[in-house]
>>> print(open('coords_18.pdb').read())   # PDB, C-alpha atoms
MODEL        1
ATOM      1  CA  MET A   1      10.729 -12.549 -22.817
ATOM      2  CA  ALA A   2       8.143 -14.038 -25.166
ATOM      3  CA  LEU A   3       5.503 -16.325 -23.717
ATOM      4  CA  SER A   4       3.923 -17.081 -27.093
ATOM      5  CA  ASP A   5       5.647 -18.048 -30.333
ATOM      6  CA  GLY A   6       4.373 -14.938 -32.093
ATOM      7  CA  THR A   7       1.459 -16.648 -33.806
ATOM      8  CA  ALA A   8      -1.234 -15.788 -31.231
ATOM      9  CA  SER A   9      -3.669 -13.192 -32.500
ATOM     10  CA  HIS A  10      -2.988  -9.560 -31.590
ATOM     11  CA  ASP A  11      -5.865  -7.356 -32.685
ATOM     12  CA  LEU A  12      -4.826  -3.721 -33.088
ATOM     13  CA  VAL A  13      -7.884  -1.513 -32.489
ATOM     14  CA  TRP A  14      -6.364   1.959 -32.111
ATOM     15  CA  THR A  15      -3.119   3.774 -32.919
ATOM     16  CA  GLY A  16      -2.207   7.234 -31.669
ATOM     17  CA  ALA A  17      -0.117   9.879 -33.364
ATOM     18  CA  ASP A  18       2.719   9.222 -30.923
ATOM     19  CA  GLY A  19       2.765   5.505 -31.706
ATOM     20  CA  SER A  20       0.739   4.432 -28.685
ATOM     21  CA  ARG A  21      -1.611   1.555 -29.371
ATOM     22  CA  ILE A  22      -4.537  -0.406 -27.959
ATOM     23  CA  VAL A  23      -4.134  -4.116 -28.606
ATOM     24  CA  CYS A  24      -6.623  -6.900 -27.879
ATOM     25  CA  MET A  25      -5.670 -10.536 -27.292
ATOM     26  CA  ASP A  26      -7.443 -13.521 -25.822
ATOM     27  CA  SER A  27      -4.927 -14.316 -23.078
ATOM     28  CA  MET A  28      -2.254 -12.510 -21.086
ATOM     29  CA  GLY A  29      -0.078 -15.469 -21.994
ATOM     30  CA  HIS A  30      -0.063 -14.236 -25.601
ATOM     31  CA  VAL A  31       2.555 -11.558 -24.913
ATOM     32  CA  ASP A  32       5.546 -11.465 -27.243
ATOM     33  CA  GLU A  33       7.959  -9.079 -28.977
ATOM     34  CA  ARG A  34       5.146  -7.374 -30.900
ATOM     35  CA  LEU A  35       4.143  -5.490 -27.759
ATOM     36  CA  SER A  36       5.955  -2.434 -26.414
ATOM     37  CA  PRO A  37       5.745   0.029 -23.487
ATOM     38  CA  SER A  38       3.594   2.248 -25.726
ATOM     39  CA  ASP A  39       0.746  -0.269 -25.704
ATOM     40  CA  VAL A  40      -2.435  -0.686 -23.716
ATOM     41  CA  VAL A  41      -3.475  -4.339 -23.689
ATOM     42  CA  VAL A  42      -6.984  -5.749 -23.372
ATOM     43  CA  ALA A  43      -6.549  -9.434 -22.582
ATOM     44  CA  GLY A  44      -9.146 -12.168 -22.158
ATOM     45  CA  SER A  45      -7.545 -13.563 -19.012
ATOM     46  CA  HIS A  46      -8.753 -12.995 -15.477
ATOM     47  CA  THR A  47      -7.043 -10.104 -13.670
ATOM     48  CA  ALA A  48      -5.551 -12.191 -10.870
ATOM     49  CA  ALA A  49      -2.004 -11.492  -9.746
ATOM     50  CA  CYS A  50      -0.553 -14.543 -11.483
ATOM     51  CA  ALA A  51      -1.936 -13.363 -14.837
ATOM     52  CA  VAL A  52      -0.815  -9.742 -14.754
ATOM     53  CA  GLU A  53       2.666 -10.809 -13.657
ATOM     54  CA  LEU A  54       3.079 -12.248 -17.162
ATOM     55  CA  LEU A  55       2.938  -8.670 -18.495
ATOM     56  CA  LEU A  56       4.931  -6.706 -15.932
ATOM     57  CA  HIS A  57       8.245  -6.917 -17.799
ATOM     58  CA  LEU A  58       6.702  -4.976 -20.705
ATOM     59  CA  ARG A  59       6.036  -1.811 -18.626
ATOM     60  CA  LEU A  60       2.797  -1.291 -20.537
ATOM     61  CA  ARG A  61       0.755   1.922 -20.515
ATOM     62  CA  GLY A  62      -2.241   0.004 -19.316
ATOM     63  CA  VAL A  63      -3.746  -3.443 -18.818
ATOM     64  CA  VAL A  64      -7.402  -4.478 -18.916
ATOM     65  CA  GLY A  65      -8.421  -7.986 -17.915
ATOM     66  CA  HIS A  66     -11.618  -9.806 -16.986
ATOM     67  CA  ALA A  67     -12.957  -9.610 -13.428
ATOM     68  CA  ALA A  68     -13.800 -13.340 -13.473
ATOM     69  CA  GLY A  69     -16.324 -13.016 -10.702
ATOM     70  CA  PRO A  70     -14.259 -11.650  -8.964
ATOM     71  CA  GLY A  71     -15.030 -14.570  -6.642
ATOM     72  CA  LEU A  72     -13.595 -15.641  -3.294
ATOM     73  CA  ARG A  73     -11.345 -12.984  -1.724
ATOM     74  CA  ALA A  74     -11.792 -10.999  -4.966
ATOM     75  CA  GLY A  75      -9.213 -13.279  -6.571
ATOM     76  CA  GLY A  76     -10.265 -12.345 -10.082
ATOM     77  CA  VAL A  77      -9.053  -8.763  -9.613
ATOM     78  CA  SER A  78      -6.114  -9.302  -7.235
ATOM     79  CA  GLY A  79      -3.681  -8.277  -9.966
ATOM     80  CA  LEU A  80      -4.896  -4.677  -9.960
ATOM     81  CA  ALA A  81      -2.842  -3.978  -6.835
ATOM     82  CA  VAL A  82       0.162  -5.698  -8.422
ATOM     83  CA  LEU A  83      -0.134  -3.394 -11.417
ATOM     84  CA  ASP A  84      -0.386  -0.375  -9.132
ATOM     85  CA  ARG A  85       2.849  -1.321  -7.399
ATOM     86  CA  ALA A  86       4.500  -1.588 -10.818
ATOM     87  CA  GLY A  87       3.173   1.835 -11.848
ATOM     88  CA  VAL A  88       0.814   0.405 -14.489
ATOM     89  CA  PRO A  89      -2.815   1.565 -14.790
ATOM     90  CA  GLY A  90      -5.167  -1.405 -14.750
ATOM     91  CA  ALA A  91      -8.854  -2.231 -14.891
ATOM     92  CA  ALA A  92     -11.079  -5.297 -14.788
ATOM     93  CA  VAL A  93     -14.082  -5.798 -17.041
ATOM     94  CA  ASP A  94     -17.436  -6.618 -15.444
ATOM     95  CA  GLY A  95     -18.200 -10.256 -16.240
ATOM     96  CA  ASP A  96     -21.836  -9.419 -16.907
ATOM     97  CA  SER A  97     -20.828  -7.178 -19.793
ATOM     98  CA  ALA A  98     -18.463  -9.339 -21.843
ATOM     99  CA  PRO A  99     -17.215 -12.930 -22.165
ATOM    100  CA  ILE A 100     -13.849 -14.064 -20.866
ATOM    101  CA  ALA A 101     -11.071 -15.330 -23.213
ATOM    102  CA  ASP A 102     -12.161 -12.908 -25.953
ATOM    103  CA  GLY A 103     -10.140  -9.698 -25.916
ATOM    104  CA  ARG A 104     -11.961  -8.074 -28.813
ATOM    105  CA  ALA A 105     -15.399  -8.714 -27.263
ATOM    106  CA  MET A 106     -14.156  -7.322 -23.979
ATOM    107  CA  TYR A 107     -12.995  -4.194 -25.798
ATOM    108  CA  GLU A 108     -16.188  -3.723 -27.796
ATOM    109  CA  ARG A 109     -18.792  -4.701 -25.209
ATOM    110  CA  GLY A 110     -17.080  -4.567 -21.829
ATOM    111  CA  ARG A 111     -17.614  -2.094 -19.050
ATOM    112  CA  VAL A 112     -15.204  -1.458 -16.207
ATOM    113  CA  LEU A 113     -16.032  -3.124 -12.916
ATOM    114  CA  LEU A 114     -12.985  -1.900 -11.006
ATOM    115  CA  ALA A 115      -9.965   0.313 -11.727
ATOM    116  CA  ASN A 116      -6.709   0.520  -9.795
ATOM    117  CA  ASP A 117      -5.368   3.803  -8.451
ATOM    118  CA  GLY A 118      -3.241   4.461 -11.532
ATOM    119  CA  ALA A 119      -6.189   4.063 -13.886
ATOM    120  CA  ALA A 120      -8.426   6.084 -11.582
ATOM    121  CA  SER A 121      -5.928   8.960 -11.688
ATOM    122  CA  LEU A 122      -6.427   9.001 -15.463
ATOM    123  CA  GLY A 123     -10.200   9.262 -15.061
ATOM    124  CA  VAL A 124     -11.157   5.595 -15.437
ATOM    125  CA  THR A 125     -14.290   4.838 -13.432
ATOM    126  CA  ALA A 126     -16.593   1.910 -12.763
ATOM    127  CA  GLY A 127     -19.197   1.486 -15.494
ATOM    128  CA  MET A 128     -17.048   3.151 -18.161
ATOM    129  CA  PRO A 129     -16.994   1.449 -21.593
ATOM    130  CA  VAL A 130     -13.648  -0.217 -22.238
ATOM    131  CA  PRO A 131     -12.861   1.828 -25.406
ATOM    132  CA  GLU A 132     -13.126   5.020 -23.349
ATOM    133  CA  ALA A 133     -11.106   3.584 -20.459
ATOM    134  CA  THR A 134      -8.306   2.299 -22.683
ATOM    135  CA  LEU A 135      -8.131   5.591 -24.586
ATOM    136  CA  LEU A 136      -7.597   7.394 -21.285
ATOM    137  CA  MET A 137      -4.788   4.967 -20.482
ATOM    138  CA  ALA A 138      -3.201   5.367 -23.906
ATOM    139  CA  THR A 139      -3.314   9.159 -24.001
ATOM    140  CA  GLY A 140      -3.405  10.302 -20.381
ATOM    141  CA  ARG A 141      -0.659  11.240 -17.994
ATOM    142  CA  LEU A 142      -0.587   9.505 -14.636
ATOM    143  CA  GLY A 143      -1.611  11.688 -11.734
ATOM    144  CA  PRO A 144       0.039  11.577  -8.324
ATOM    145  CA  HIS A 145      -0.230   8.251  -6.556
ATOM    146  CA  ALA A 146      -2.773   8.463  -3.755
ATOM    147  CA  VAL A 147      -1.158   7.107  -0.602
ATOM    148  CA  ARG A 148      -3.655   5.375   1.643
ATOM    149  CA  LYS A 149      -2.840   6.231   5.236
ATOM    150  CA  ILE A 150      -3.874   2.937   6.801
ATOM    151  CA  GLN A 151      -4.214   2.805  10.575
ATOM    152  CA  HIS A 152      -5.246  -0.161  12.718
ATOM    153  CA  VAL A 153      -6.776   0.270  16.169
ATOM    154  CA  VAL A 154      -5.183  -2.561  18.168
ATOM    155  CA  HIS A 155      -6.481  -1.519  21.587
ATOM    156  CA  THR A 156      -9.148   0.805  22.843
ATOM    157  CA  GLY A 157     -10.381   1.246  26.381
ATOM    158  CA  GLN A 158     -11.066   3.726  29.164
ATOM    159  CA  THR A 159      -7.509   5.036  29.005
ATOM    160  CA  GLY A 160      -7.580   5.587  25.264
ATOM    161  CA  THR A 161      -6.326   4.013  22.079
ATOM    162  CA  VAL A 162      -3.287   2.246  20.683
ATOM    163  CA  ILE A 163      -2.889   2.539  16.929
ATOM    164  CA  ALA A 164      -0.662   0.419  14.692
ATOM    165  CA  LEU A 165       0.974   2.012  11.643
ATOM    166  CA  ASP A 166       3.057   0.062   9.153
ATOM    167  CA  THR A 167       5.014   3.235   8.420
ATOM    168  CA  ILE A 168       5.271   6.598  10.095
ATOM    169  CA  GLY A 169       4.264   8.014   6.709
ATOM    170  CA  HIS A 170       0.699   6.949   7.539
ATOM    171  CA  ALA A 171       0.526   9.293  10.520
ATOM    172  CA  ASP A 172      -2.101  12.019  10.540
ATOM    173  CA  GLU A 173      -4.350  13.790  13.044
ATOM    174  CA  ARG A 174      -5.989  10.478  14.023
ATOM    175  CA  ILE A 175      -2.935   9.507  16.091
ATOM    176  CA  ASP A 176      -3.193  12.567  18.319
ATOM    177  CA  GLY A 177      -3.566  11.523  21.948
ATOM    178  CA  THR A 178      -2.690   7.857  21.347
ATOM    179  CA  VAL A 179       0.196   5.434  21.659
ATOM    180  CA  ILE A 180       1.453   4.325  18.263
ATOM    181  CA  CYS A 181       3.087   0.994  17.437
ATOM    182  CA  MET A 182       4.918   1.146  14.129
ATOM    183  CA  GLY A 183       6.790  -0.986  11.655
ATOM    184  CA  SER A 184       9.181   1.941  11.197
ATOM    185  CA  HIS A 185      12.491   2.524  12.994
ATOM    186  CA  SER A 186      13.125   5.213  15.625
ATOM    187  CA  GLY A 187      15.649   7.260  13.709
ATOM    188  CA  THR A 188      15.605  11.042  13.935
ATOM    189  CA  SER A 189      13.296  11.251  10.931
ATOM    190  CA  MET A 190      10.609   9.429  12.931
ATOM    191  CA  ALA A 191      10.796  12.099  15.630
ATOM    192  CA  ASP A 192      10.487  14.765  12.943
ATOM    193  CA  TYR A 193       7.291  13.168  11.626
ATOM    194  CA  VAL A 194       5.518  12.958  14.982
ATOM    195  CA  GLU A 195       6.563  16.248  16.581
ATOM    196  CA  ARG A 196       3.285  17.912  15.555
ATOM    197  CA  TYR A 197       1.193  15.359  17.465
ATOM    198  CA  ARG A 198       0.431  14.945  21.168
ATOM    199  CA  LEU A 199       1.440  11.331  21.758
ATOM    200  CA  HIS A 200       1.425   9.201  24.884
ATOM    201  CA  GLY A 201       4.196   6.988  23.517
ATOM    202  CA  THR A 202       5.777   5.282  20.530
ATOM    203  CA  ILE A 203       6.983   1.734  19.959
ATOM    204  CA  THR A 204       8.929   0.991  16.799
ATOM    205  CA  ASN A 205      11.342  -1.582  15.324
ATOM    206  CA  ASP A 206      15.083  -1.545  16.033
ATOM    207  CA  ALA A 207      15.711  -2.360  12.328
ATOM    208  CA  GLY A 208      18.553  -4.697  13.190
ATOM    209  CA  ASP A 209      20.275  -2.106  15.408
ATOM    210  CA  PRO A 210      22.497  -0.555  12.692
ATOM    211  CA  PRO A 211      25.626   1.508  13.542
ATOM    212  CA  GLU A 212      25.752   4.831  15.409
ATOM    213  CA  ARG A 213      22.398   4.234  17.141
ATOM    214  CA  SER A 214      20.879   5.396  13.865
ATOM    215  CA  ALA A 215      17.651   3.416  14.376
ATOM    216  CA  VAL A 216      17.026   4.659  17.920
ATOM    217  CA  ARG A 217      18.250   8.258  18.097
ATOM    218  CA  GLY A 218      14.736   9.535  17.575
ATOM    219  CA  MET A 219      13.901   8.189  21.031
ATOM    220  CA  ASP A 220      16.317  10.742  22.503
ATOM    221  CA  ARG A 221      14.419  13.548  20.796
ATOM    222  CA  LEU A 222      11.113  12.197  22.112
ATOM    223  CA  ASP A 223      12.626  11.948  25.586
ATOM    224  CA  GLU A 224      13.329  15.699  25.476
ATOM    225  CA  ARG A 225       9.588  16.203  24.863
ATOM    226  CA  GLY A 226       8.607  13.877  27.720
ATOM    227  CA  ILE A 227       7.307  11.138  25.408
ATOM    228  CA  PRO A 228       8.063   7.517  26.328
ATOM    229  CA  ALA A 229       9.566   5.552  23.445
ATOM    230  CA  ALA A 230      10.748   2.000  22.923
ATOM    231  CA  VAL A 231      11.967  -0.205  20.114
ATOM    232  CA  VAL A 232      11.350  -3.912  19.726
ATOM    233  CA  ASP A 233      13.943  -6.465  18.674
ATOM    234  CA  GLY A 234      13.668  -6.878  14.899
ATOM    235  CA  THR A 235      13.740 -10.645  15.271
ATOM    236  CA  THR A 236      10.487 -10.532  17.255
ATOM    237  CA  ALA A 237       8.390  -8.322  14.957
ATOM    238  CA  ALA A 238       8.336  -7.663  11.235
ATOM    239  CA  VAL A 239       9.696  -4.407   9.855
ATOM    240  CA  GLY A 240       6.882  -2.555   8.091
ATOM    241  CA  ASP A 241       4.086  -4.192  10.102
ATOM    242  CA  GLY A 242       2.758  -2.163  13.021
ATOM    243  CA  ARG A 243       0.405  -4.893  14.181
ATOM    244  CA  SER A 244       3.342  -7.276  14.372
ATOM    245  CA  THR A 245       5.108  -4.748  16.612
ATOM    246  CA  PHE A 246       2.132  -4.729  18.979
ATOM    247  CA  ASP A 247       1.315  -8.448  18.809
ATOM    248  CA  THR A 248       4.717 -10.152  19.001
ATOM    249  CA  GLY A 249       7.334  -7.466  19.593
ATOM    250  CA  ILE A 250       9.689  -7.715  22.562
ATOM    251  CA  VAL A 251      11.309  -4.474  23.687
ATOM    252  CA  SER A 252      15.073  -4.237  23.203
ATOM    253  CA  GLN A 253      15.787  -0.559  24.038
ATOM    254  CA  VAL A 254      13.905   2.332  25.662
ATOM    255  CA  ASN A 255      14.348   6.017  26.394
ATOM    256  CA  ALA A 256      14.453   7.415  29.926
ATOM    257  CA  CYS A 257      10.760   8.331  29.959
ATOM    258  CA  ALA A 258       9.811   4.748  29.154
ATOM    259  CA  ALA A 259      12.263   3.361  31.686
ATOM    260  CA  ARG A 260      10.577   5.386  34.437
ATOM    261  CA  LEU A 261       7.355   3.543  33.602
ATOM    262  CA  GLY A 262       9.039   0.219  34.275
ATOM    263  CA  ILE A 263       9.436  -0.603  30.598
ATOM    264  CA  GLY A 264      12.716  -2.238  29.641
ATOM    265  CA  PRO A 265      14.334  -4.965  27.560
ATOM    266  CA  GLY A 266      12.135  -8.045  27.587
ATOM    267  CA  THR A 267       8.835  -6.201  28.039
ATOM    268  CA  HIS A 268       6.149  -7.279  25.589
ATOM    269  CA  ALA A 269       5.245  -4.402  23.276
ATOM    270  CA  ALA A 270       1.536  -4.685  24.033
ATOM    271  CA  ASP A 271       2.224  -4.373  27.758
ATOM    272  CA  ALA A 272       4.549  -1.431  27.135
ATOM    273  CA  ALA A 273       1.930   0.319  25.021
ATOM    274  CA  LEU A 274      -0.724   0.001  27.721
ATOM    275  CA  ARG A 275       1.657   1.341  30.375
ATOM    276  CA  MET A 276       2.464   4.320  28.169
ATOM    277  CA  LEU A 277      -1.223   4.944  27.529
ATOM    278  CA  ALA A 278      -2.199   4.802  31.196
ATOM    279  CA  ALA A 279       0.692   7.027  32.253
ATOM    280  CA  GLY A 280      -0.029   9.548  29.510
ATOM    281  CA  VAL A 281      -3.676   9.847  30.461
ATOM    282  CA  ALA A 282      -2.788  10.136  34.168
ATOM    283  CA  HIS A 283      -0.362  12.933  33.320
ATOM    284  CA  THR A 284      -2.597  14.905  30.932
ATOM    285  CA  GLY A 285      -6.031  13.914  32.172
ATOM    286  CA  VAL A 286      -7.072  13.437  28.568
ATOM    287  CA  SER A 287      -7.652  10.162  26.738
ATOM    288  CA  ALA A 288      -7.908   9.728  23.018
ATOM    289  CA  PRO A 289     -11.403   9.881  21.517
ATOM    290  CA  ARG A 290     -12.805   6.501  20.572
TER     291      ARG A 290
ENDMDL
END
>>> encode(input="coords_18.pdb", output="structure tokens")
Amino acid sequence: MALSDGTASHDLVWTGADGSRIVCMDSMGHVDERLSPSDVVVAGSHTAACAVELLLHLRLRGVVGHAAGPGLRAGGVSGLAVLDRAGVPGAAVDGDSAPIADGRAMYERGRVLLANDGAASLGVTAGMPVPEATLLMATGRLGPHAVRKIQHVVHTGQTGTVIALDTIGHADERIDGTVICMGSHSGTSMADYVERYRLHGTITNDAGDPPERSAVRGMDRLDERGIPAAVVDGTTAAVGDGRSTFDTGIVSQVNACAARLGIGPGTHAADAALRMLAAGVAHTGVSAPR
């Protein structure tokens, strides 16, 4: 897909032995058939999501835009996360170092204000001159993606802590001694993930209640370990959003341990979590550190 008619200026500033290139242009809207997946592009546009989306179909080796402030809610660099999700290293040029709408000036005079995870894995850092940063993108090999294990404390009190996880993949030692509310399902793989931790309970999503109890069988495994577990109706909380599970989830199914606490279909997830927490602390005499 060509956004320009092929007449917009593309300024080639470097070519590697393998055919990789660094190309400067004054706008991300100047993409056309002259660019290829071997290229790193320095474009004079801001690095907002709407701008970098114009380049995603090219699967470029790297993209450098202007930070444009970055302004309210860091809008000028919001595209860096979009590039990360597409597997493309990206960076934004500090607006104090180079003008916007001038790709060549950004290349020659610009310094990096912010790099996404992909670019950082190649060694791109804040303050780095753009020629050095783009050369790393053009010649480097992406390192492993660094998964951020994001956890949200949605309740803390005398009986301990409730933590929300969007995915069970974000579990680590911080969940020990807590109740966790997750955007994940309660399949057997969930039970495998949490078996190393001392939990007071889990609340997850029923994922639409697929066949063979596949989204809830992990609750049986937790029941064998004496851990209360419940799932919320997927129409009441968003899959992949642990805070949604806690805030709006309504329980649809429970294991026997949870049922003995008076938790059942129709219980609000937040209420269920607090019952699990109180019962767990009463049983063990230990609350989670706060």
>>> resolve_selection(input="coords_18.pdb", expression="the PyMOL selection byres ((chain A and resi 137) around 8)", output="PDB file with C-alpha atoms, in the frame of the given file")
ATOM      1  CA  VAL A  40      -2.435  -0.686 -23.716  1.00  0.00           C
ATOM      2  CA  ARG A  61       0.755   1.922 -20.515  1.00  0.00           C
ATOM      3  CA  GLY A  62      -2.241   0.004 -19.316  1.00  0.00           C
ATOM      4  CA  PRO A  89      -2.815   1.565 -14.790  1.00  0.00           C
ATOM      5  CA  ALA A 119      -6.189   4.063 -13.886  1.00  0.00           C
ATOM      6  CA  LEU A 122      -6.427   9.001 -15.463  1.00  0.00           C
ATOM      7  CA  ALA A 133     -11.106   3.584 -20.459  1.00  0.00           C
ATOM      8  CA  THR A 134      -8.306   2.299 -22.683  1.00  0.00           C
ATOM      9  CA  LEU A 135      -8.131   5.591 -24.586  1.00  0.00           C
ATOM     10  CA  LEU A 136      -7.597   7.394 -21.285  1.00  0.00           C
ATOM     11  CA  ALA A 138      -3.201   5.367 -23.906  1.00  0.00           C
ATOM     12  CA  THR A 139      -3.314   9.159 -24.001  1.00  0.00           C
ATOM     13  CA  GLY A 140      -3.405  10.302 -20.381  1.00  0.00           C
ATOM     14  CA  ARG A 141      -0.659  11.240 -17.994  1.00  0.00           C
TER      15      ARG A 141
END
>>> atom_distance(input="coords_18.pdb", atom1="atom CA of A:Asp32", atom2="atom CA of A:Asp11")
13.3 Å
>>> atom_distance(input="coords_18.pdb", atom1="atom CA of A:Asp18", atom2="atom CA of A:Leu55")
21.8 Å
>>> closest_residue(input="coords_18.pdb", among="A:Asp84, A:Asp220, A:Asp166, A:Glu132", to="A:Gly187", atoms="all atoms listed in the file")
A:Asp220
>>> closest_residue(input="coords_18.pdb", among="A:Gly177, A:Gly169, A:Gly87, A:Gly44", to="A:Ala68", atoms="all atoms listed in the file")
A:Gly44
>>> residues_around(input="coords_18.pdb", residues="A:Leu12", least_positions_apart="3", cutoff="8 Å", atoms="only C-alpha atoms", output="PyMOL selection string")
chain A and resi 15+21-24
